[in-house]
Amino acid sequence: RKMMMDRVVQKEPGCSSIEVNNQVHAFVADDTSHPQTKEICAELKRLSRQMAEAGYVPDTRFALHDVEEEWKEFSLWHHSEKLAIAFGLISVPSGKPFCVIKNLRMCGDCHTAIKLISRIAGRELAVRDANRFHHFKDGICTCGNYW
């Protein structure tokens, strides 16, 4: 890290995008700039309740290490791909699949969460991350949990 700072190297921020009605919507972690932020957050809250009932527990190993446990869980819920998927669920007609494109590799918590979201929402979801396409359907990913 020190060498990166000395050389002014910066990590590329994670960004996820989804196309809806021929318009691309891009999200970064903790993004509140989207015009439908309230609806997206309400959808995330709805999903989090249903997922908790199904036994989902956020894997905080994938969150920032220097924050409190409660903030880690909040932060995980606001990863860019989860924001994009929540937007897709409220914007793409029910029953229709959609695809989210992410510029970096998806974290393990997002992978686990999206599997469950696909089952709860009854939707086919595709996420293209830096390594591969992940096709989620009925709680299963085509990558075989190898991402």
# chains A, B, ... in the order shown; residues from 1 in each chain; ligands from 1

call {"tool": "select_by_dssp", "arguments": {"residues": "stretch 62-128 of chain A", "states": "strand (DSSP E)", "output": "list in words"}}
result
Phe98, Cys99, Val100, Ile101, Lys102, Leu125, Ala126, Val127 and Arg128 of chain A

call {"tool": "select_by_dssp", "arguments": {"residues": "stretch 55-145 of chain A", "states": "alpha helix (DSSP H)", "output": "VMD selection string"}}
result
chain A and resid 69 to 77 80 to 91 108 to 121

call {"tool": "residues_around", "arguments": {"residues": "stretch 67-84 of chain A", "least_positions_apart": "3", "cutoff": "7 Å", "atoms": "only C-alpha atoms", "output": "list in words"}}
result
Gly14, Cys15, Ser16, Ser17, Ile18, Phe27, Val28, Ala29, Asp30, Ile40, Pro58, Thr60, Ala63, Leu64, Phe87, Gly88, Val100 and Lys102 of chain A

call {"tool": "write_last_selection", "arguments": {"atoms": "N, CA, C and O atoms", "output": "tab-separated table (two decimals), in the first residue's frame"}}
result
chain	number	residue	atom	x	y	z
A	14	GLY	N	-14.99	0.22	-8.31
A	14	GLY	CA	-15.95	-0.72	-8.88
A	14	GLY	C	-17.15	0.02	-9.44
A	14	GLY	O	-17.67	0.94	-8.81
A	15	CYS	N	-17.58	-0.38	-10.60
A	15	CYS	CA	-18.72	0.25	-11.26
A	15	CYS	C	-19.55	-0.84	-11.93
A	15	CYS	O	-19.00	-1.72	-12.59
A	16	SER	N	-20.84	-0.78	-11.75
A	16	SER	CA	-21.75	-1.72	-12.39
A	16	SER	C	-22.76	-0.94	-13.22
A	16	SER	O	-23.21	0.13	-12.80
A	17	SER	N	-23.08	-1.48	-14.38
A	17	SER	CA	-24.05	-0.80	-15.23
A	17	SER	C	-25.10	-1.77	-15.73
A	17	SER	O	-24.87	-2.98	-15.81
A	18	ILE	N	-26.25	-1.22	-16.06
A	18	ILE	CA	-27.37	-1.98	-16.58
A	18	ILE	C	-28.07	-1.11	-17.61
A	18	ILE	O	-28.21	0.10	-17.42
A	27	PHE	N	-23.66	2.52	-11.62
A	27	PHE	CA	-23.67	2.62	-10.17
A	27	PHE	C	-22.27	2.34	-9.63
A	27	PHE	O	-21.56	1.50	-10.17
A	28	VAL	N	-21.90	3.05	-8.58
A	28	VAL	CA	-20.69	2.75	-7.81
A	28	VAL	C	-21.15	2.42	-6.39
A	28	VAL	O	-22.31	2.67	-6.04
A	29	ALA	N	-20.28	1.87	-5.58
A	29	ALA	CA	-20.65	1.51	-4.22
A	29	ALA	C	-21.15	2.73	-3.45
A	29	ALA	O	-20.62	3.83	-3.60
A	30	ASP	N	-22.17	2.51	-2.67
A	30	ASP	CA	-22.79	3.57	-1.85
A	30	ASP	C	-23.33	4.73	-2.67
A	30	ASP	O	-23.45	5.85	-2.18
A	40	ILE	N	-34.64	2.29	-5.16
A	40	ILE	CA	-33.59	1.27	-5.15
A	40	ILE	C	-33.31	0.83	-3.71
A	40	ILE	O	-33.24	-0.36	-3.42
A	58	PRO	N	-24.77	-11.70	5.68
A	58	PRO	CA	-23.70	-11.06	4.90
A	58	PRO	C	-22.32	-11.52	5.35
A	58	PRO	O	-22.07	-11.67	6.54
A	60	THR	N	-19.00	-10.52	5.99
A	60	THR	CA	-18.30	-9.26	6.21
A	60	THR	C	-16.80	-9.34	5.92
A	60	THR	O	-16.12	-8.32	5.97
A	63	ALA	N	-15.98	-6.84	3.25
A	63	ALA	CA	-16.20	-5.41	3.51
A	63	ALA	C	-14.89	-4.76	3.93
A	63	ALA	O	-13.89	-5.44	4.19
A	64	LEU	N	-14.92	-3.44	4.02
A	64	LEU	CA	-13.75	-2.72	4.51
A	64	LEU	C	-13.36	-3.23	5.88
A	64	LEU	O	-14.21	-3.56	6.70
A	87	PHE	N	-32.08	-1.99	-9.03
A	87	PHE	CA	-32.67	-1.12	-10.05
A	87	PHE	C	-33.31	-1.96	-11.16
A	87	PHE	O	-34.42	-1.67	-11.60
A	88	GLY	N	-32.63	-3.01	-11.58
A	88	GLY	CA	-33.18	-3.89	-12.61
A	88	GLY	C	-34.47	-4.54	-12.17
A	88	GLY	O	-35.42	-4.64	-12.96
A	100	VAL	N	-26.23	-7.27	-15.80
A	100	VAL	CA	-25.44	-6.21	-15.16
A	100	VAL	C	-23.99	-6.44	-15.56
A	100	VAL	O	-23.50	-7.56	-15.55
A	102	LYS	N	-20.09	-5.47	-14.70
A	102	LYS	CA	-19.23	-4.93	-13.64
A	102	LYS	C	-17.80	-4.89	-14.15
A	102	LYS	O	-17.33	-5.83	-14.77

call {"tool": "residues_around", "arguments": {"residues": "A:Ile90", "least_positions_apart": "6", "cutoff": "12 Å", "atoms": "only C-alpha atoms", "output": "ChimeraX atom specification"}}
result
/A:20,36-44,46-47,83-84,96,98,121,123

call {"tool": "residues_around", "arguments": {"residues": "A:Cys107", "least_positions_apart": "3", "cutoff": "8 Å", "atoms": "only C-alpha atoms", "output": "PyMOL selection string"}}
result
chain A and resi 62+110-111

call {"tool": "closest_residue", "arguments": {"among": "A:Arg119, A:Pro93, A:Gln23, A:Ala126", "to": "A:Asp138", "atoms": "only C-alpha atoms"}}
result
A:Arg119

call {"tool": "closest_residue", "arguments": {"among": "A:Glu19, A:Val24, A:Thr32, A:Asn145", "to": "A:Asp109", "atoms": "only C-alpha atoms"}}
result
A:Asn145

call {"tool": "closest_residue", "arguments": {"among": "A:Ile85, A:Phe136, A:Glu124, A:Asp129", "to": "A:Met106", "atoms": "only C-alpha atoms"}}
result
A:Asp129

call {"tool": "atom_distance", "arguments": {"atom1": "atom CA of A:Arg105", "atom2": "atom CA of A:Asn131"}}
result
6.3 Å
